[in-house]
$ cat my_file_14.cif   # mmCIF, C-alpha atoms and all ligand atoms
data_data
loop_
_atom_site.label_atom_id
_atom_site.label_comp_id
_atom_site.auth_asym_id
_atom_site.auth_seq_id
_atom_site.Cartn_x
_atom_site.Cartn_y
_atom_site.Cartn_z
CA MET A 1 104.44 104.76 123.24
CA ALA A 2 105.79 108.04 124.63
CA ARG A 3 104.74 110.57 121.99
CA SER A 4 101.13 110.93 120.96
CA GLU A 5 101.92 110.78 117.20
CA ARG A 6 103.50 107.36 117.73
CA LYS A 7 100.38 105.90 119.29
CA PRO A 8 98.52 103.42 117.09
CA ARG A 9 95.33 104.81 115.61
CA ALA A 10 92.12 103.30 116.93
CA TYR A 11 88.40 103.84 116.41
CA LEU A 12 85.84 103.44 119.16
CA CYS A 13 82.42 102.52 117.73
CA ARG A 14 80.47 103.00 121.00
CA ARG A 15 81.16 104.94 124.19
CA PHE A 16 82.87 102.73 126.79
CA THR A 17 83.02 103.57 130.53
CA GLU A 18 84.93 106.71 131.53
CA ASN A 19 87.72 104.68 133.16
CA VAL A 20 88.19 102.55 130.10
CA GLU A 21 88.08 105.45 127.64
CA ALA A 22 90.71 107.30 129.72
CA ALA A 23 93.00 104.26 129.55
CA LEU A 24 92.39 103.90 125.81
CA LYS A 25 93.34 107.53 125.22
CA GLN A 26 96.67 106.97 126.98
CA ARG A 27 97.50 104.14 124.61
CA TYR A 28 95.89 105.05 121.29
CA ASP A 29 95.33 107.95 118.97
CA LEU A 30 91.62 107.44 119.51
CA SER A 31 88.69 108.66 117.42
CA VAL A 32 85.33 108.22 119.09
CA ASN A 33 81.74 107.90 117.89
CA GLU A 34 80.88 110.79 120.19
CA ASN A 35 77.08 110.54 120.18
CA ASP A 36 77.11 106.75 120.65
CA ARG A 37 74.57 106.10 117.87
CA ILE A 38 74.67 102.56 116.44
CA LEU A 39 76.74 102.68 113.23
CA SER A 40 75.96 100.89 109.99
CA PRO A 41 78.74 98.83 108.35
CA ASP A 42 79.25 101.66 105.81
CA GLU A 43 79.71 104.15 108.61
CA VAL A 44 82.20 101.93 110.41
CA GLU A 45 84.11 101.51 107.14
CA SER A 46 84.40 105.22 106.51
CA ARG A 47 84.97 106.38 110.09
CA ALA A 48 87.61 103.81 111.00
CA GLN A 49 89.81 104.33 107.94
CA GLY A 50 93.48 104.15 108.92
CA ALA A 51 92.83 102.52 112.30
CA GLN A 52 95.01 99.68 113.58
CA VAL A 53 92.47 98.78 116.22
CA LEU A 54 88.68 98.81 115.93
CA PHE A 55 86.85 98.80 119.26
CA ALA A 56 83.41 97.41 118.51
CA SER A 57 80.49 95.86 120.35
CA ALA A 58 77.64 93.52 119.47
CA THR A 59 75.70 96.39 117.87
CA GLU A 60 78.10 96.74 114.92
CA GLN A 61 78.03 94.28 112.06
CA ILE A 62 81.70 93.74 111.27
CA THR A 63 81.18 92.26 107.84
CA GLU A 64 83.68 90.95 105.33
CA SER A 65 83.38 94.24 103.46
CA VAL A 66 84.22 96.27 106.60
CA LEU A 67 87.23 94.08 107.31
CA ARG A 68 88.46 94.18 103.71
CA ARG A 69 88.11 97.95 103.43
CA LEU A 70 89.97 98.47 106.73
CA SER A 71 92.49 95.67 106.23
CA PRO A 72 95.32 97.77 104.81
CA THR A 73 95.89 99.13 108.35
CA LEU A 74 93.62 97.11 110.64
CA ARG A 75 95.39 94.64 112.93
CA TYR A 76 92.79 93.97 115.62
CA VAL A 77 89.04 94.08 116.24
CA ALA A 78 88.38 94.25 119.98
CA THR A 79 84.72 93.63 120.77
CA LEU A 80 83.16 94.56 124.10
CA SER A 81 81.16 91.34 124.19
CA VAL A 82 81.67 87.67 124.77
CA GLY A 83 79.59 86.91 121.67
CA TYR A 84 81.20 87.38 118.27
CA ASP A 85 78.40 86.38 115.94
CA HIS A 86 78.38 90.00 114.64
CA ILE A 87 81.89 89.58 113.23
CA ASP A 88 82.73 87.70 110.04
CA MET A 89 85.30 85.45 111.68
CA HIS A 90 86.16 83.67 108.45
CA ALA A 91 87.07 86.98 106.81
CA ALA A 92 89.05 88.05 109.89
CA ARG A 93 91.05 84.81 109.76
CA THR A 94 91.63 85.09 106.03
CA LEU A 95 92.81 88.68 106.33
CA GLY A 96 95.00 87.94 109.37
CA ILE A 97 93.06 90.33 111.62
CA GLY A 98 93.06 89.40 115.31
CA VAL A 99 89.71 89.39 117.11
CA LEU A 100 89.58 89.84 120.88
CA HIS A 101 86.46 89.40 123.03
CA THR A 102 85.51 89.53 126.71
CA PRO A 103 84.79 86.08 128.18
CA ASP A 104 84.60 85.21 131.91
CA VAL A 105 84.44 88.73 133.36
CA LEU A 106 80.76 89.03 132.48
CA SER A 107 79.59 85.56 133.51
CA ASP A 108 78.36 86.58 136.97
CA ALA A 109 76.51 89.65 135.69
CA CYS A 110 74.82 87.65 132.93
CA ALA A 111 73.88 84.88 135.36
CA GLU A 112 72.33 87.50 137.65
CA VAL A 113 70.19 88.76 134.78
CA ALA A 114 69.13 85.20 133.96
CA MET A 115 67.95 84.83 137.57
CA MET A 116 66.27 88.24 137.39
CA LEU A 117 64.32 87.17 134.30
CA MET A 118 63.48 83.79 135.80
CA LEU A 119 62.17 85.29 139.03
CA ASN A 120 60.31 88.10 137.32
CA ALA A 121 58.65 85.70 134.89
CA CYS A 122 57.73 83.14 137.58
CA ARG A 123 56.38 85.74 139.98
CA ARG A 124 54.57 87.91 137.42
CA ALA A 125 56.67 90.93 138.29
CA TYR A 126 55.53 93.02 135.32
CA GLU A 127 51.86 92.68 136.28
CA ALA A 128 52.65 93.22 139.94
CA ASP A 129 54.64 96.40 139.32
CA ARG A 130 51.96 97.76 137.01
CA MET A 131 49.22 97.03 139.56
CA VAL A 132 50.95 99.12 142.22
CA ARG A 133 52.00 101.98 139.92
CA SER A 134 48.60 102.28 138.26
CA GLY A 135 46.78 102.75 141.56
CA ASN A 136 44.60 99.72 140.73
CA TRP A 137 45.79 97.67 143.68
CA THR A 138 42.82 97.08 145.95
CA GLY A 139 44.80 95.31 148.69
CA TRP A 140 46.25 91.88 149.46
CA GLY A 141 44.31 88.92 148.09
CA PRO A 142 44.58 85.14 148.68
CA THR A 143 44.56 84.39 144.95
CA GLN A 144 46.07 87.61 143.69
CA LEU A 145 48.92 87.33 141.17
CA LEU A 146 49.78 83.74 141.93
CA GLY A 147 53.03 82.73 140.33
CA ILE A 148 55.14 79.60 140.15
CA GLY A 149 57.87 78.78 142.69
CA LEU A 150 61.34 77.66 141.70
CA LYS A 151 62.14 75.24 144.54
CA GLY A 152 62.08 71.63 143.37
CA LYS A 153 61.61 72.60 139.73
CA ARG A 154 63.81 71.37 136.90
CA LEU A 155 65.97 73.96 135.20
CA VAL A 156 67.33 73.12 131.78
CA VAL A 157 70.33 75.21 130.74
CA PHE A 158 70.73 75.15 126.97
CA GLY A 159 74.39 76.08 126.61
CA MET A 160 76.26 75.17 129.79
CA GLY A 161 79.35 77.28 129.17
CA ARG A 162 80.91 79.83 131.50
CA ILE A 163 77.66 81.77 131.92
CA GLY A 164 75.45 78.67 132.01
CA ARG A 165 77.51 77.22 134.86
CA GLN A 166 77.06 80.39 136.92
CA ILE A 167 73.32 80.23 136.30
CA ALA A 168 73.31 76.62 137.49
CA VAL A 169 75.14 77.53 140.71
CA ARG A 170 72.57 80.22 141.50
CA ALA A 171 69.60 78.05 140.57
CA GLN A 172 70.91 75.25 142.78
CA ALA A 173 70.84 77.69 145.69
CA PHE A 174 67.14 78.19 144.89
CA GLY A 175 66.60 74.43 145.25
CA MET A 176 66.25 73.65 141.54
CA GLU A 177 67.31 70.40 139.87
CA ILE A 178 69.75 71.25 137.07
CA HIS A 179 69.78 69.66 133.62
CA TYR A 180 71.73 70.83 130.61
CA HIS A 181 72.24 70.36 126.92
CA ASN A 182 75.58 70.93 125.19
CA ARG A 183 77.04 69.22 122.16
CA ARG A 184 79.34 67.40 124.56
CA PRO A 185 79.07 66.74 128.32
CA LEU A 186 81.18 68.91 130.62
CA PRO A 187 84.40 67.32 131.89
CA ALA A 188 84.01 65.42 135.16
CA GLY A 189 83.97 67.80 138.11
CA GLN A 190 82.62 70.79 136.18
CA ALA A 191 78.96 69.79 136.01
CA SER A 192 78.30 70.03 139.79
CA GLY A 193 75.72 67.27 139.63
CA ALA A 194 73.82 68.68 136.64
CA ILE A 195 72.15 66.03 134.45
CA TYR A 196 73.39 65.92 130.85
CA HIS A 197 71.12 65.46 127.83
CA ALA A 198 72.92 64.82 124.55
CA ASP A 199 69.66 65.42 122.72
CA LEU A 200 68.13 68.92 122.89
CA ASP A 201 64.59 67.59 122.38
CA GLU A 202 65.01 65.23 125.31
CA ALA A 203 66.30 68.09 127.48
CA LEU A 204 63.31 70.26 126.61
CA LEU A 205 60.92 67.55 127.81
CA ALA A 206 62.42 68.02 131.29
CA ALA A 207 62.30 71.83 131.42
CA ASP A 208 60.02 73.43 133.97
CA VAL A 209 62.28 76.38 133.26
CA LEU A 210 64.40 76.66 130.12
CA VAL A 211 67.28 79.12 130.07
CA ILE A 212 68.91 79.71 126.69
CA ALA A 213 72.56 80.59 127.21
CA ALA A 214 74.13 79.04 124.09
CA PRO A 215 76.35 81.31 122.00
CA GLY A 216 74.72 82.93 118.99
CA SER A 217 75.62 81.33 115.67
CA PRO A 218 74.01 80.87 112.24
CA GLN A 219 73.61 77.14 113.00
CA LEU A 220 71.41 77.84 116.03
CA LYS A 221 69.14 80.40 114.35
CA GLY A 222 65.51 79.46 115.03
CA VAL A 223 66.51 76.36 117.02
CA ILE A 224 63.75 77.01 119.57
CA ASN A 225 60.89 76.74 117.10
CA ALA A 226 57.22 75.77 117.39
CA ARG A 227 57.97 72.03 117.39
CA ARG A 228 60.50 72.37 120.20
CA ILE A 229 58.38 74.76 122.26
CA ALA A 230 55.63 72.11 122.09
CA LEU A 231 58.03 69.67 123.80
CA LEU A 232 58.27 71.85 126.92
CA PRO A 233 56.01 70.75 129.77
CA PRO A 234 52.72 72.71 129.94
CA ARG A 235 53.14 76.06 131.72
CA ALA A 236 56.92 76.01 131.42
CA ILE A 237 58.95 79.21 131.60
CA LEU A 238 61.40 80.29 128.93
CA VAL A 239 64.30 82.66 129.55
CA ASN A 240 66.65 83.93 126.84
CA ILE A 241 69.93 85.73 127.59
CA SER A 242 71.79 84.51 124.49
CA ARG A 243 70.75 85.98 121.15
CA GLY A 244 67.18 86.69 120.11
CA ASP A 245 67.33 84.84 116.82
CA LEU A 246 67.73 81.46 118.54
CA VAL A 247 64.00 81.66 119.26
CA GLU A 248 61.24 81.88 116.64
CA ASP A 249 59.26 84.88 117.82
CA ALA A 250 55.95 83.81 116.30
CA ALA A 251 56.14 80.39 117.97
CA LEU A 252 56.97 81.86 121.37
CA ILE A 253 54.30 84.55 121.13
CA ASN A 254 51.67 81.97 120.17
CA ALA A 255 52.62 79.74 123.11
CA LEU A 256 52.52 82.67 125.55
CA THR A 257 49.22 83.97 124.20
CA ALA A 258 47.62 80.52 124.41
CA GLY A 259 48.88 80.02 127.98
CA ARG A 260 50.77 76.94 126.79
CA LEU A 261 53.83 78.55 128.41
CA PHE A 262 53.32 80.25 131.77
CA ALA A 263 55.69 83.12 131.05
CA ALA A 264 58.94 84.20 129.44
CA GLY A 265 61.79 86.47 130.40
CA LEU A 266 63.71 87.97 127.49
CA ASP A 267 66.84 90.09 127.54
CA VAL A 268 67.68 89.58 123.87
CA PHE A 269 65.66 89.85 120.67
CA ALA A 270 65.89 89.28 116.96
CA ASN A 271 66.56 92.56 115.16
CA GLU A 272 67.29 94.68 118.25
CA PRO A 273 66.08 97.30 119.03
CA ASP A 274 63.13 96.80 116.63
CA ILE A 275 61.66 93.87 118.50
CA ASP A 276 58.53 91.99 117.47
CA ALA A 277 55.89 94.48 118.67
CA ARG A 278 53.57 91.71 119.83
CA TYR A 279 55.78 91.15 122.90
CA ARG A 280 54.84 94.61 124.17
CA GLY A 281 51.19 93.62 124.52
CA LEU A 282 51.77 90.42 126.52
CA ASP A 283 51.40 90.46 130.31
CA ASN A 284 53.25 87.19 130.74
CA VAL A 285 56.56 88.25 129.29
CA PHE A 286 59.16 90.21 131.22
CA LEU A 287 61.35 92.28 128.91
CA SER A 288 64.75 93.88 129.41
CA PRO A 289 66.93 95.66 126.82
CA HIS A 290 70.01 93.42 126.47
CA ILE A 291 71.48 94.32 129.87
CA GLY A 292 73.14 90.97 130.67
CA SER A 293 76.59 92.43 131.30
CA ALA A 294 75.41 95.94 132.20
CA THR A 295 76.97 96.57 135.58
CA GLU A 296 79.55 99.28 136.22
CA GLU A 297 82.09 96.75 137.46
CA THR A 298 81.53 94.37 134.58
CA ARG A 299 81.73 96.95 131.81
CA ASP A 300 84.98 98.25 133.34
CA ALA A 301 86.32 94.71 133.55
CA MET A 302 85.34 93.99 129.94
CA GLY A 303 87.14 97.12 128.78
CA TRP A 304 90.26 96.26 130.77
CA LEU A 305 90.30 92.75 129.36
CA LEU A 306 90.47 94.23 125.86
CA ILE A 307 93.13 96.77 126.89
CA ASP A 308 95.28 94.12 128.58
CA GLY A 309 94.87 91.76 125.64
CA LEU A 310 95.96 94.41 123.16
CA ASP A 311 98.87 95.49 125.39
CA ALA A 312 100.01 91.86 125.38
CA LEU A 313 99.73 91.63 121.60
CA TYR A 314 101.71 94.85 121.07
CA GLN A 315 104.37 93.33 123.35
CA GLY A 316 104.47 90.12 121.31
CA ARG A 317 102.47 87.92 123.66
CA THR A 318 99.22 86.03 122.94
CA PRO A 319 96.38 86.78 125.35
CA ASP A 320 93.74 84.18 126.26
CA ASN A 321 90.93 86.31 124.85
CA LEU A 322 92.35 86.35 121.32
CA LEU A 323 90.05 84.39 118.97
CA THR A 324 91.87 84.79 115.63
CA PRO A 325 93.88 84.35 113.55
C1 LIG B 401 77.80 89.77 124.90
O1 LIG B 401 78.76 90.03 125.62
O2 LIG B 401 77.86 89.02 123.91
C2 LIG B 401 76.53 90.45 125.25
O3 LIG B 401 75.44 89.89 124.63
C3 LIG B 401 76.62 91.93 124.95
O4 LIG B 401 76.73 92.09 123.62
#
$ encode --input "my_file_14.cif" --output "structure tokens" --more "lines below"
Ligand code: DGY
Amino acid sequence: MARSERKPRAYLCRRFTENVEAALKQRYDLSVNENDRILSPDEVESRAQGAQVLFASATEQITESVLRRLSPTLRYVATLSVGYDHIDMHAARTLGIGVLHTPDVLSDACAEVAMMLMLNACRRAYEADRMVRSGNWTGWGPTQLLGIGLKGKRLVVFGMGRIGRQIAVRAQAFGMEIHYHNRRPLPAGQASGAIYHADLDEALLAADVLVIAAPGSPQLKGVINARRIALLPPRAILVNISRGDLVEDAALINALTAGRLFAAGLDVFANEPDIDARYRGLDNVFLSPHIGSATEETRDAMGWLLIDGLDALYQGRTPDNLLTP
């Protein structure tokens, strides 16, 4: 691709890291959503006209209409996310549009955030931080801000995939007993002693701490509902790093308000960024704004995985991170 007019046209829906954008500009005739505002499907459709490659992220809804309107030129959607529930995969397959995503390179970062949420929820970090900042701290106290320790507790990982396994490794180092629920057990040797529950309800009964790490999908919407939250042991802790809509907000908020759950740590929400406002008023929930993969190294690595995958495709090879067609 020596001359700039011969570069394939591409549209970048969100600003990627400087390193990654520089590499994209070398390879593509790149138009950029300069101010980084989240784009509606209509905006993506009109701005990306003529593009061969659409660089997206989990904030853009890549609907059937977007794909159809762009399909005369569009060859690939490259999403800076491991999740692809924001893309109409059926339409992409039907239209012969390749979808690339960013597995593996973000597993450590996401597992770190799961541990961050777990620790902050167990140790009442939001209340503790506020006490010091507000000037209301009157000094050390024997019963002040007592939390719950992790050692010896049972962690249930709902969704023991690449990220779930990294969470389990870290939790084991904290002395936790690991349980998990997947549709199928992990192959021998990959479970590192974790106890498998074929039945989600049965797994929940064991969860001193529940971490939701299952991929987002329409089938799992609302799976953690009032009935299932009631199965958790009293004063359990719930952590969600997957997608917000797996959890029924009203059910979780009721359980936190009633003290039925000790605390929650949430990095993801239904309808981001317009989260259920009731969370803001709860002391026993630790909130973060979908930062699972947000480290400098990880975001660079995610960008490079997309670049390398597309380079391979343009050279006639099939990269591992290609999902369709
Ligand atoms: C992912 O990679 O799916 C994260 O949730 C960021 O979108």
$ atom_distance --input "my_file_14.cif" --atom1 "CA of Asp199 in chain A" --atom2 "CA of Ile224 in chain A"
13.4 Å
$ residues_around --input "my_file_14.cif" --residues "range 55-64 of chain A" --least-positions-apart "2" --cutoff "9 Å" --atoms "all atoms listed in the file" --output "mmCIF file with C-alpha atoms, in the coordinates of the input"
data_model
loop_
_atom_site.group_PDB
_atom_site.id
_atom_site.type_symbol
_atom_site.label_atom_id
_atom_site.label_comp_id
_atom_site.auth_asym_id
_atom_site.auth_seq_id
_atom_site.Cartn_x
_atom_site.Cartn_y
_atom_site.Cartn_z
ATOM 1 C CA ALA A 10 92.120 103.300 116.930
ATOM 2 C CA TYR A 11 88.400 103.840 116.410
ATOM 3 C CA LEU A 12 85.840 103.440 119.160
ATOM 4 C CA CYS A 13 82.420 102.520 117.730
ATOM 5 C CA ARG A 14 80.470 103.000 121.000
ATOM 6 C CA ILE A 38 74.670 102.560 116.440
ATOM 7 C CA LEU A 39 76.740 102.680 113.230
ATOM 8 C CA SER A 40 75.960 100.890 109.990
ATOM 9 C CA PRO A 41 78.740 98.830 108.350
ATOM 10 C CA VAL A 44 82.200 101.930 110.410
ATOM 11 C CA VAL A 53 92.470 98.780 116.220
ATOM 12 C CA VAL A 66 84.220 96.270 106.600
ATOM 13 C CA LEU A 67 87.230 94.080 107.310
ATOM 14 C CA ARG A 68 88.460 94.180 103.710
ATOM 15 C CA ARG A 69 88.110 97.950 103.430
ATOM 16 C CA TYR A 76 92.790 93.970 115.620
ATOM 17 C CA VAL A 77 89.040 94.080 116.240
ATOM 18 C CA ALA A 78 88.380 94.250 119.980
ATOM 19 C CA THR A 79 84.720 93.630 120.770
ATOM 20 C CA LEU A 80 83.160 94.560 124.100
ATOM 21 C CA SER A 81 81.160 91.340 124.190
ATOM 22 C CA VAL A 82 81.670 87.670 124.770
ATOM 23 C CA GLY A 83 79.590 86.910 121.670
ATOM 24 C CA TYR A 84 81.200 87.380 118.270
ATOM 25 C CA ASP A 85 78.400 86.380 115.940
ATOM 26 C CA HIS A 86 78.380 90.000 114.640
ATOM 27 C CA ILE A 87 81.890 89.580 113.230
ATOM 28 C CA ASP A 88 82.730 87.700 110.040
ATOM 29 C CA MET A 89 85.300 85.450 111.680
ATOM 30 C CA HIS A 90 86.160 83.670 108.450
ATOM 31 C CA ALA A 91 87.070 86.980 106.810
ATOM 32 C CA ALA A 92 89.050 88.050 109.890
ATOM 33 C CA GLU A 272 67.290 94.680 118.250
ATOM 34 C CA LEU A 306 90.470 94.230 125.860
#
$ atom_distance --input "my_file_14.cif" --atom1 "CA of Val268 in chain A" --atom2 "CA of Arg15 in chain A"
20.4 Å
$ residues_around --input "my_file_14.cif" --residues "range 164-169 of chain A" --least-positions-apart "2" --cutoff "7 Å" --atoms "all atoms listed in the file" --output "CSV table (one decimal) with C-alpha atoms, in the frame of the given file"
chain,number,residue,atom,x,y,z
A,107,SER,CA,79.6,85.6,133.5
A,108,ASP,CA,78.4,86.6,137.0
A,111,ALA,CA,73.9,84.9,135.4
A,114,ALA,CA,69.1,85.2,134.0
A,157,VAL,CA,70.3,75.2,130.7
A,159,GLY,CA,74.4,76.1,126.6
A,160,MET,CA,76.3,75.2,129.8
A,161,GLY,CA,79.4,77.3,129.2
A,162,ARG,CA,80.9,79.8,131.5
A,171,ALA,CA,69.6,78.0,140.6
A,172,GLN,CA,70.9,75.2,142.8
A,173,ALA,CA,70.8,77.7,145.7
A,178,ILE,CA,69.8,71.2,137.1
A,213,ALA,CA,72.6,80.6,127.2
$ closest_residue --input "my_file_14.cif" --among "A:Val99, A:Ala236, A:Leu313, A:Ile241" --to "ligand LIG 401 (chain B)" --atoms "only C-alpha atoms and all ligand atoms"
A:Ile241
$ closest_residue --input "my_file_14.cif" --among "A:Glu112, A:Asp311, A:Asp274, A:Asp267" --to "Leu287 in chain A" --atoms "only C-alpha atoms"
A:Asp267
$ closest_residue --input "my_file_14.cif" --among "A:Lys221, A:Arg123, A:Arg183, A:His101" --to "Gly309 in chain A" --atoms "only C-alpha atoms"
A:His101
$ atom_distance --input "my_file_14.cif" --atom1 "CA of Ala294 in chain A" --atom2 "CA of Ile307 in chain A"
18.5 Å
$ residues_around --input "my_file_14.cif" --residues "Ala226 in chain A" --least-positions-apart "4" --cutoff "8 Å" --atoms "all atoms listed in the file" --output "JSON, numbers by chain"
{"A": [230, 248, 251, 252]}
$ write_last_selection --input "my_file_14.cif" --atoms "C-alpha atoms" --output "CSV table (one decimal), in the frame of the given file"
chain,number,residue,atom,x,y,z
A,230,ALA,CA,55.6,72.1,122.1
A,248,GLU,CA,61.2,81.9,116.6
A,251,ALA,CA,56.1,80.4,118.0
A,252,LEU,CA,57.0,81.9,121.4
$ closest_residue --input "my_file_14.cif" --among "A:Gly292, A:Gly316, A:Pro273, A:Gly303" --to "ligand LIG 401 (chain B)" --atoms "all atoms listed in the file"
A:Gly292
$ residues_around --input "my_file_14.cif" --residues "Val223 in chain A" --least-positions-apart "3" --cutoff "8 Å" --atoms "all atoms listed in the file" --output "PyMOL selection string"
chain A and resi 220+228+246-248
